[in-house]
$ cat entry.pdb   # PDB, C-alpha atoms
ATOM      1  CA  MET A   1     109.977 143.801 156.583
ATOM      2  CA  GLU A   2     112.206 145.152 153.823
ATOM      3  CA  ARG A   3     110.332 147.046 151.149
ATOM      4  CA  THR A   4     110.793 146.072 147.507
ATOM      5  CA  GLU A   5     112.465 148.299 144.968
ATOM      6  CA  ALA A   6     109.154 149.030 143.206
ATOM      7  CA  GLU A   7     107.517 150.013 146.513
ATOM      8  CA  LEU A   8     110.389 152.345 147.360
ATOM      9  CA  ILE A   9     110.271 154.008 143.939
ATOM     10  CA  ALA A  10     106.491 154.411 144.116
ATOM     11  CA  ALA A  11     106.815 155.986 147.576
ATOM     12  CA  VAL A  12     109.461 158.455 146.355
ATOM     13  CA  LEU A  13     107.274 159.417 143.400
ATOM     14  CA  GLN A  14     104.386 160.066 145.799
ATOM     15  CA  GLY A  15     106.535 162.557 147.672
ATOM     16  CA  ASP A  16     108.169 160.414 150.369
ATOM     17  CA  ALA A  17     111.788 161.460 149.729
ATOM     18  CA  ALA A  18     113.049 159.380 152.689
ATOM     19  CA  SER A  19     112.276 156.202 150.717
ATOM     20  CA  PHE A  20     115.098 157.165 148.389
ATOM     21  CA  GLU A  21     117.720 156.444 151.063
ATOM     22  CA  PRO A  22     117.443 152.609 150.939
ATOM     23  CA  LEU A  23     117.885 152.797 147.156
ATOM     24  CA  VAL A  24     121.054 154.881 147.593
ATOM     25  CA  GLN A  25     122.323 152.396 150.170
ATOM     26  CA  ARG A  26     121.541 149.359 148.007
ATOM     27  CA  TYR A  27     123.016 150.530 144.706
ATOM     28  CA  SER A  28     125.879 152.820 145.716
ATOM     29  CA  PRO A  29     128.489 150.003 145.556
ATOM     30  CA  ARG A  30     127.704 149.514 141.824
ATOM     31  CA  VAL A  31     127.799 153.256 141.194
ATOM     32  CA  PHE A  32     131.163 153.629 142.996
ATOM     33  CA  ALA A  33     132.713 150.622 141.222
ATOM     34  CA  THR A  34     131.719 152.102 137.853
ATOM     35  CA  ALA A  35     132.914 155.603 138.746
ATOM     36  CA  ARG A  36     136.296 154.186 139.853
ATOM     37  CA  ARG A  37     136.875 152.942 136.307
ATOM     38  CA  TYR A  38     136.872 156.505 134.978
ATOM     39  CA  ALA A  39     138.233 158.654 137.798
ATOM     40  CA  ARG A  40     141.256 158.106 139.999
ATOM     41  CA  ARG A  41     140.917 160.581 142.874
ATOM     42  CA  GLU A  42     138.499 159.578 145.626
ATOM     43  CA  CYS A  43     136.994 163.100 145.745
ATOM     44  CA  GLU A  44     136.224 162.947 142.019
ATOM     45  CA  ILE A  45     134.697 159.497 142.389
ATOM     46  CA  GLU A  46     132.491 160.729 145.205
ATOM     47  CA  ASP A  47     131.428 163.764 143.138
ATOM     48  CA  ILE A  48     130.420 161.482 140.268
ATOM     49  CA  ALA A  49     128.422 159.184 142.570
ATOM     50  CA  GLN A  50     126.712 162.169 144.185
ATOM     51  CA  GLU A  51     125.828 163.599 140.775
ATOM     52  CA  VAL A  52     124.404 160.232 139.712
ATOM     53  CA  TRP A  53     122.088 160.079 142.730
ATOM     54  CA  LEU A  54     120.937 163.679 142.388
ATOM     55  CA  LYS A  55     120.127 163.044 138.720
ATOM     56  CA  ALA A  56     118.417 159.753 139.619
ATOM     57  CA  PHE A  57     116.160 161.574 142.101
ATOM     58  CA  GLU A  58     115.326 164.291 139.580
ATOM     59  CA  LYS A  59     114.648 161.901 136.731
ATOM     60  CA  LEU A  60     112.926 159.159 138.685
ATOM     61  CA  LYS A  61     109.626 160.086 137.001
ATOM     62  CA  SER A  62     111.111 158.938 133.701
ATOM     63  CA  PHE A  63     111.777 155.432 135.097
ATOM     64  CA  ARG A  64     108.963 153.367 133.636
ATOM     65  CA  GLY A  65     109.730 150.139 135.462
ATOM     66  CA  GLU A  66     109.980 148.041 132.285
ATOM     67  CA  ALA A  67     113.645 147.186 132.954
ATOM     68  CA  PRO A  68     115.194 146.735 136.425
ATOM     69  CA  PHE A  69     116.028 149.942 138.295
ATOM     70  CA  GLU A  70     119.678 148.877 138.355
ATOM     71  CA  HIS A  71     119.905 148.981 134.519
ATOM     72  CA  TRP A  72     118.352 152.430 134.425
ATOM     73  CA  LEU A  73     120.743 153.602 137.132
ATOM     74  CA  MET A  74     123.760 152.135 135.330
ATOM     75  CA  ARG A  75     122.830 154.024 132.161
ATOM     76  CA  LEU A  76     122.712 157.200 134.204
ATOM     77  CA  THR A  77     126.062 156.338 135.846
ATOM     78  CA  VAL A  78     127.862 155.591 132.566
ATOM     79  CA  ARG A  79     126.559 158.810 131.007
ATOM     80  CA  THR A  80     127.619 160.829 134.051
ATOM     81  CA  CYS A  81     131.087 159.233 133.891
ATOM     82  CA  TYR A  82     131.304 160.128 130.201
ATOM     83  CA  ASP A  83     130.394 163.745 130.994
ATOM     84  CA  PHE A  84     133.102 163.691 133.671
ATOM     85  CA  LEU A  85     135.683 162.400 131.148
ATOM     86  CA  ARG A  86     134.726 165.107 128.658
ATOM     87  CA  GLY A  87     135.086 167.749 131.343
ATOM     88  CA  HIS A  88     138.555 166.543 132.386
ATOM     89  CA  GLN A  89     140.276 166.118 129.033
ATOM     90  CA  ARG A  90     143.214 168.340 129.945
ATOM     91  CA  ASN A  91     144.700 165.714 132.278
ATOM     92  CA  ARG A  92     145.498 163.412 129.352
ATOM     93  CA  GLU A  93     149.010 164.558 128.543
ATOM     94  CA  SER A  94     151.176 162.907 131.206
ATOM     95  CA  PRO A  95     154.432 161.696 129.583
ATOM     96  CA  PHE A  96     155.509 158.055 129.683
ATOM     97  CA  SER A  97     158.986 159.160 130.754
ATOM     98  CA  ASP A  98     157.749 159.631 134.347
ATOM     99  CA  LEU A  99     156.868 155.963 134.893
ATOM    100  CA  SER A 100     157.556 154.684 138.386
ATOM    101  CA  GLU A 101     160.216 152.073 139.096
ATOM    102  CA  PRO A 102     157.803 149.109 139.383
ATOM    103  CA  GLU A 103     156.131 150.153 136.109
ATOM    104  CA  ASN A 104     159.513 150.365 134.366
ATOM    105  CA  ASP A 105     160.502 146.993 135.849
ATOM    106  CA  TRP A 106     157.302 145.406 134.626
ATOM    107  CA  LEU A 107     157.853 146.760 131.102
ATOM    108  CA  GLU A 108     161.469 145.598 131.094
ATOM    109  CA  ARG A 109     160.379 142.155 132.243
ATOM    110  CA  PHE A 110     157.822 142.189 129.449
ATOM    111  CA  VAL A 111     160.482 143.139 126.869
ATOM    112  CA  ALA A 112     162.793 140.384 128.109
ATOM    113  CA  GLN A 113     160.190 137.647 128.458
ATOM    114  CA  PRO A 114     156.736 138.760 127.295
ATOM    115  CA  GLU A 115     155.025 135.565 128.404
ATOM    116  CA  THR A 116     156.216 135.763 131.987
ATOM    117  CA  ALA A 117     155.147 139.334 132.751
ATOM    118  CA  SER A 118     152.257 138.851 135.149
ATOM    119  CA  GLU A 119     149.003 140.681 134.537
ATOM    120  CA  ASN A 120     148.232 140.445 138.246
ATOM    121  CA  ALA A 121     151.093 142.769 139.146
ATOM    122  CA  GLU A 122     150.166 146.124 140.687
ATOM    123  CA  ALA A 123     152.481 147.812 138.157
ATOM    124  CA  ALA A 124     150.473 146.412 135.240
ATOM    125  CA  LYS A 125     147.301 147.769 136.809
ATOM    126  CA  VAL A 126     148.810 151.257 137.179
ATOM    127  CA  LEU A 127     150.202 151.099 133.652
ATOM    128  CA  VAL A 128     146.853 150.272 132.105
ATOM    129  CA  ALA A 129     145.267 153.119 134.084
ATOM    130  CA  ARG A 130     147.918 155.483 132.647
ATOM    131  CA  ILE A 131     147.215 154.309 129.100
ATOM    132  CA  LEU A 132     143.456 154.674 129.533
ATOM    133  CA  GLU A 133     143.970 158.197 130.849
ATOM    134  CA  ARG A 134     145.649 159.143 127.589
ATOM    135  CA  LEU A 135     142.696 158.077 125.454
ATOM    136  CA  SER A 136     139.983 160.464 124.310
ATOM    137  CA  PRO A 137     136.708 160.240 126.330
ATOM    138  CA  PRO A 138     134.766 158.167 123.764
ATOM    139  CA  ALA A 139     137.759 155.849 123.209
ATOM    140  CA  ARG A 140     138.241 155.332 126.933
ATOM    141  CA  LEU A 141     134.563 154.636 127.477
ATOM    142  CA  VAL A 142     134.398 152.133 124.606
ATOM    143  CA  ILE A 143     137.630 150.322 125.557
ATOM    144  CA  THR A 144     136.473 150.071 129.177
ATOM    145  CA  LEU A 145     133.032 148.734 128.324
ATOM    146  CA  LEU A 146     134.010 146.543 125.381
ATOM    147  CA  GLU A 147     137.424 145.160 126.319
ATOM    148  CA  ILE A 148     137.615 145.412 130.090
ATOM    149  CA  GLU A 149     133.996 144.851 131.132
ATOM    150  CA  ASP A 150     133.463 142.528 128.149
ATOM    151  CA  ARG A 151     130.088 143.981 127.180
ATOM    152  CA  SER A 152     128.428 143.519 123.793
ATOM    153  CA  VAL A 153     128.025 146.312 121.264
ATOM    154  CA  LYS A 154     124.264 146.267 121.855
ATOM    155  CA  GLU A 155     124.714 146.633 125.615
ATOM    156  CA  ILE A 156     127.124 149.543 125.081
ATOM    157  CA  ALA A 157     124.598 151.201 122.770
ATOM    158  CA  GLN A 158     121.955 150.922 125.498
ATOM    159  CA  LEU A 159     124.269 152.190 128.214
ATOM    160  CA  THR A 160     125.643 155.152 126.297
ATOM    161  CA  GLY A 161     122.608 156.092 124.218
ATOM    162  CA  TRP A 162     124.704 155.826 121.030
ATOM    163  CA  SER A 163     123.461 153.887 118.012
ATOM    164  CA  VAL A 164     124.931 150.417 117.309
ATOM    165  CA  PRO A 165     126.810 151.613 114.167
ATOM    166  CA  LEU A 166     128.216 154.549 116.149
ATOM    167  CA  VAL A 167     129.481 152.187 118.860
ATOM    168  CA  LYS A 168     131.180 150.072 116.177
ATOM    169  CA  VAL A 169     132.818 153.113 114.588
ATOM    170  CA  ARG A 170     133.956 154.392 117.973
ATOM    171  CA  ALA A 171     135.272 150.937 118.923
ATOM    172  CA  PHE A 172     137.316 150.821 115.719
ATOM    173  CA  ARG A 173     138.718 154.301 116.371
ATOM    174  CA  ALA A 174     139.320 153.503 120.046
ATOM    175  CA  ARG A 175     141.411 150.434 119.200
ATOM    176  CA  ALA A 176     143.435 152.478 116.714
ATOM    177  CA  GLU A 177     143.902 155.197 119.340
ATOM    178  CA  MET A 178     145.029 152.650 121.906
ATOM    179  CA  ARG A 179     147.527 151.163 119.435
ATOM    180  CA  LYS A 180     148.861 154.687 118.876
ATOM    181  CA  VAL A 181     149.293 155.249 122.624
ATOM    182  CA  LEU A 182     151.008 151.875 122.997
ATOM    183  CA  ALA A 183     153.262 152.685 120.040
ATOM    184  CA  LYS A 184     154.193 155.957 121.703
ATOM    185  CA  MET A 185     155.013 154.125 124.912
ATOM    186  CA  ALA A 186     156.915 151.497 122.940
ATOM    187  CA  LYS A 187     158.954 154.258 121.273
ATOM    188  CA  ASP A 188     159.693 155.885 124.634
ATOM    189  CA  LYS A 189     160.641 152.575 126.202
ATOM    190  CA  TYR A 190     162.320 150.923 123.205
ATOM    191  CA  LEU A 191     159.997 147.973 123.192
TER     192      LEU A 191
ATOM    193  CA  MET B   1     154.109 144.671 116.263
ATOM    194  CA  ASP B   2     153.297 141.288 117.805
ATOM    195  CA  ASN B   3     154.807 142.574 121.023
ATOM    196  CA  TRP B   4     152.426 145.526 121.023
ATOM    197  CA  LEU B   5     149.439 143.266 120.574
ATOM    198  CA  LEU B   6     150.678 141.006 123.338
ATOM    199  CA  LEU B   7     151.319 144.037 125.534
ATOM    200  CA  GLN B   8     147.816 145.308 124.799
ATOM    201  CA  SER B   9     146.232 141.968 125.686
ATOM    202  CA  LYS B  10     148.376 141.719 128.855
ATOM    203  CA  LEU B  11     147.302 145.176 129.964
ATOM    204  CA  ILE B  12     143.644 144.513 129.219
ATOM    205  CA  ALA B  13     143.957 141.260 131.172
ATOM    206  CA  ALA B  14     145.544 143.248 134.026
ATOM    207  CA  ALA B  15     142.582 145.627 134.048
ATOM    208  CA  ARG B  16     140.157 142.701 134.023
ATOM    209  CA  ALA B  17     141.999 140.913 136.795
ATOM    210  CA  ASN B  18     141.870 143.974 139.047
ATOM    211  CA  PRO B  19     138.274 145.223 139.116
ATOM    212  CA  PRO B  20     137.829 148.473 141.019
ATOM    213  CA  SER B  21     136.663 148.378 144.597
ATOM    214  CA  ASP B  22     132.962 148.910 145.250
ATOM    215  CA  GLY B  23     133.535 150.457 148.672
ATOM    216  CA  VAL B  24     131.233 153.315 149.606
ATOM    217  CA  PRO B  25     132.417 156.137 151.913
ATOM    218  CA  TYR B  26     130.942 156.168 155.388
ATOM    219  CA  ALA B  27     127.425 157.708 155.593
ATOM    220  CA  PHE B  28     127.429 158.520 151.892
ATOM    221  CA  GLU B  29     123.658 157.970 151.663
ATOM    222  CA  LYS B  30     123.122 160.462 154.510
ATOM    223  CA  ARG B  31     125.075 163.084 152.578
ATOM    224  CA  VAL B  32     123.003 162.453 149.449
ATOM    225  CA  MET B  33     119.784 162.762 151.431
ATOM    226  CA  ALA B  34     121.014 166.009 153.042
ATOM    227  CA  LEU B  35     121.821 167.412 149.604
ATOM    228  CA  LEU B  36     118.382 166.455 148.339
ATOM    229  CA  ALA B  37     116.756 168.102 151.364
ATOM    230  CA  ALA B  38     118.785 171.275 150.805
ATOM    231  CA  ARG B  39     117.763 171.274 147.171
ATOM    232  CA  SER B  40     114.087 170.885 147.889
ATOM    233  CA  ALA B  41     114.313 173.810 150.340
ATOM    234  CA  THR B  42     115.356 176.114 147.491
ATOM    235  CA  GLU B  43     112.986 174.389 145.096
ATOM    236  CA  PRO B  44     109.898 176.713 145.372
ATOM    237  CA  LEU B  45     111.827 179.673 143.956
ATOM    238  CA  GLY B  46     113.239 177.472 141.212
ATOM    239  CA  GLN B  47     109.760 176.237 140.365
ATOM    240  CA  TRP B  48     108.508 179.818 140.079
ATOM    241  CA  VAL B  49     111.362 180.780 137.799
ATOM    242  CA  ARG B  50     110.841 177.675 135.660
ATOM    243  CA  GLY B  51     107.090 178.330 135.529
ATOM    244  CA  LEU B  52     107.605 181.937 134.465
ATOM    245  CA  TRP B  53     110.027 180.906 131.751
ATOM    246  CA  GLN B  54     107.621 178.270 130.473
ATOM    247  CA  ALA B  55     104.810 180.841 130.467
ATOM    248  CA  ALA B  56     106.999 183.321 128.588
ATOM    249  CA  VAL B  57     107.905 180.728 125.993
ATOM    250  CA  SER B  58     104.300 179.627 125.474
ATOM    251  CA  CYS B  59     103.176 183.273 125.187
ATOM    252  CA  MET B  60     105.809 183.861 122.520
ATOM    253  CA  VAL B  61     104.674 180.787 120.611
ATOM    254  CA  VAL B  62     101.022 181.916 120.744
ATOM    255  CA  ALA B  63     101.991 185.448 119.633
ATOM    256  CA  LEU B  64     104.042 184.039 116.795
ATOM    257  CA  LEU B  65     101.223 181.750 115.660
ATOM    258  CA  LEU B  66      98.667 184.582 115.784
ATOM    259  CA  GLY B  67     101.061 186.902 113.966
ATOM    260  CA  THR B  68     101.608 184.327 111.233
ATOM    261  CA  TRP B  69      97.880 183.707 110.953
ATOM    262  CA  ALA B  70      97.156 187.449 110.732
ATOM    263  CA  PHE B  71      99.895 187.906 108.142
ATOM    264  CA  PHE B  72      98.634 185.174 105.830
ATOM    265  CA  ASN B  73      94.916 185.908 106.356
ATOM    266  CA  PRO B  74      94.581 189.715 106.201
ATOM    267  CA  ALA B  75      91.076 190.904 107.008
ATOM    268  CA  THR B  76      89.213 192.278 103.966
ATOM    269  CA  SER B  77      88.341 195.959 104.060
ATOM    270  CA  THR B  78      84.560 195.374 103.862
ATOM    271  CA  LYS B  79      84.645 193.077 106.850
ATOM    272  CA  ALA B  80      86.751 195.611 108.719
ATOM    273  CA  ASP B  81      84.296 198.395 107.836
ATOM    274  CA  ASP B  82      81.418 196.272 108.999
ATOM    275  CA  LEU B  83      83.046 195.570 112.253
ATOM    276  CA  SER B  84      83.944 199.187 112.934
ATOM    277  CA  GLN B  85      80.476 200.310 111.907
ATOM    278  CA  ASN B  86      78.831 197.759 114.158
ATOM    279  CA  PHE B  87      81.088 198.734 117.006
ATOM    280  CA  GLU B  88      80.268 202.404 116.544
ATOM    281  CA  ASN B  89      76.554 201.706 116.370
ATOM    282  CA  THR B  90      76.659 199.681 119.539
ATOM    283  CA  LEU B  91      78.694 202.279 121.368
ATOM    284  CA  LEU B  92      76.540 205.194 120.303
ATOM    285  CA  ALA B  93      73.199 203.394 120.530
ATOM    286  CA  SER B  94      72.286 205.090 123.807
ATOM    287  CA  VAL B  95      73.172 208.537 122.436
ATOM    288  CA  ASP B  96      71.036 207.914 119.348
ATOM    289  CA  GLN B  97      68.119 206.853 121.518
ATOM    290  CA  SER B  98      68.346 209.977 123.689
ATOM    291  CA  ASP B  99      68.555 212.157 120.531
ATOM    292  CA  GLN B 100      65.424 210.528 119.125
ATOM    293  CA  GLY B 101      63.647 211.015 122.438
ATOM    294  CA  GLN B 102      64.253 214.782 122.293
TER     295      GLN B 102
END

$ encode --input "entry.pdb" --output "structure tokens"
Amino acid sequence: MERTEAELIAAVLQGDAASFEPLVQRYSPRVFATARRYARRECEIEDIAQEVWLKAFEKLKSFRGEAPFEHWLMRLTVRTCYDFLRGHQRNRESPFSDLSEPENDWLERFVAQPETASENAEAAKVLVARILERLSPPARLVITLLEIEDRSVKEIAQLTGWSVPLVKVRAFRARAEMRKVLAKMAKDKYL
Amino acid sequence: MDNWLLLQSKLIAAARANPPSDGVPYAFEKRVMALLAARSATEPLGQWVRGLWQAAVSCMVVALLLGTWAFFNPATSTKADDLSQNFENTLLASVDQSDQGQ
């Protein structure tokens, strides 16, 4: 019979480290999906996920069981991803002049007929990843959580550990920063 | 300007329409468990070091508190005399007794 999450956590806390493995198995897909929003290379994504699980094991005593384990783990994951972004700020300066052919095509199609440029195109996906990479860590985190994952300000505050007013300020700055990046791309591409 | 806003909304929609994969590398959980096992093997030394640091910090705090207390509550000279006198009497009590016996 499959043991419940609470039973597994209790067993780990009593010293049975092997009970941690089913938790890793169960929640790793969520951790990897979140990490893939902030890192591109598979080795970096794996490092983030590994770090999350090592931290989760270390800090499991602080899990009080009031909220689901998944929420607690997601907070840990988002904070680890934020630390990763802050540690990799130097990669932000890739120029827009080195866009690939499909990305250029997509932009040209958008300039010609904005309504017809499909958001399902692979080029659009790569383009948005490029733009997000150029944002500062707090701006990228806020845009991802607020605009892409469609989370509320309160949820973001819980996930990041920031206060609600701070999330609002950072969201305002993040949108301005994103407009600036888009303006830069528009200037480069004569949009 | 409108174009930028439209471009922004298109790109955000593109990101929403393409959520990242939730695939997990093969035997990832085994690797995590191996890392945890390796960590716990080196843990005793780490625990000692942490314990010693905690002890050092608490000793410093106690020393600081006692120092502060001693600084703000200096012992009066009469009390100090009494104490030293009592100490001397206690220490030399046996000598006094042997002197009296002779």

$ closest_atom_pairs --input "entry.pdb" --of "chain B" --to "chain A" --cutoff "6 Å" --atoms "only C-alpha atoms" --output "CSV"
residue,atom,partner,partner_atom,distance
B:Lys10,CA,A:Glu119,CA,5.8
B:Leu11,CA,A:Val128,CA,5.5
B:Ala14,CA,A:Glu119,CA,4.3
B:Ala15,CA,A:Lys125,CA,5.9
B:Arg16,CA,A:Ile148,CA,5.4
B:Pro20,CA,A:Ala33,CA,5.6
B:Ser21,CA,A:Ala33,CA,5.7
B:Asp22,CA,A:Ala33,CA,4.4
B:Gly23,CA,A:Pro29,CA,5.9
B:Val24,CA,A:Pro29,CA,5.9
B:Glu29,CA,A:Val24,CA,5.7

$ axis_aligned_box --input "entry.pdb" --around "range 10-29 of chain B" --padding-each-side "8 Å" --output "JSON"
{"center_x": 136.0, "center_y": 149.7, "center_z": 142.2, "size_x": 40.7, "size_y": 33.6, "size_z": 42.7}

$ atom_distance --input "entry.pdb" --atom1 "CA of Glu7 in chain A" --atom2 "CA of Ala67 in chain A"
15.1 Å

$ atom_distance --input "entry.pdb" --atom1 "CA of Leu5 in chain B" --atom2 "CA of Leu99 in chain A"
20.5 Å

$ resolve_selection --input "entry.pdb" --expression "the PyMOL selection byres ((chain A and resi 170) around 12)" --output "NGL selection string"
:A and (136-143 or 145-146 or 153 or 156-157 or 160 or 162-169 or 171-178)

$ atom_distance --input "entry.pdb" --atom1 "CA of Ser98 in chain B" --atom2 "CA of Asn86 in chain B"
18.7 Å

$ resolve_selection --input "entry.pdb" --expression "the PyMOL selection byres ((chain A and resi 69) around 12)" --output "JSON, numbers by chain"
{"A": [4, 5, 6, 7, 8, 9, 23, 24, 26, 27, 56, 60, 62, 63, 64, 65, 66, 67, 68, 70, 71, 72, 73, 74, 75, 76]}
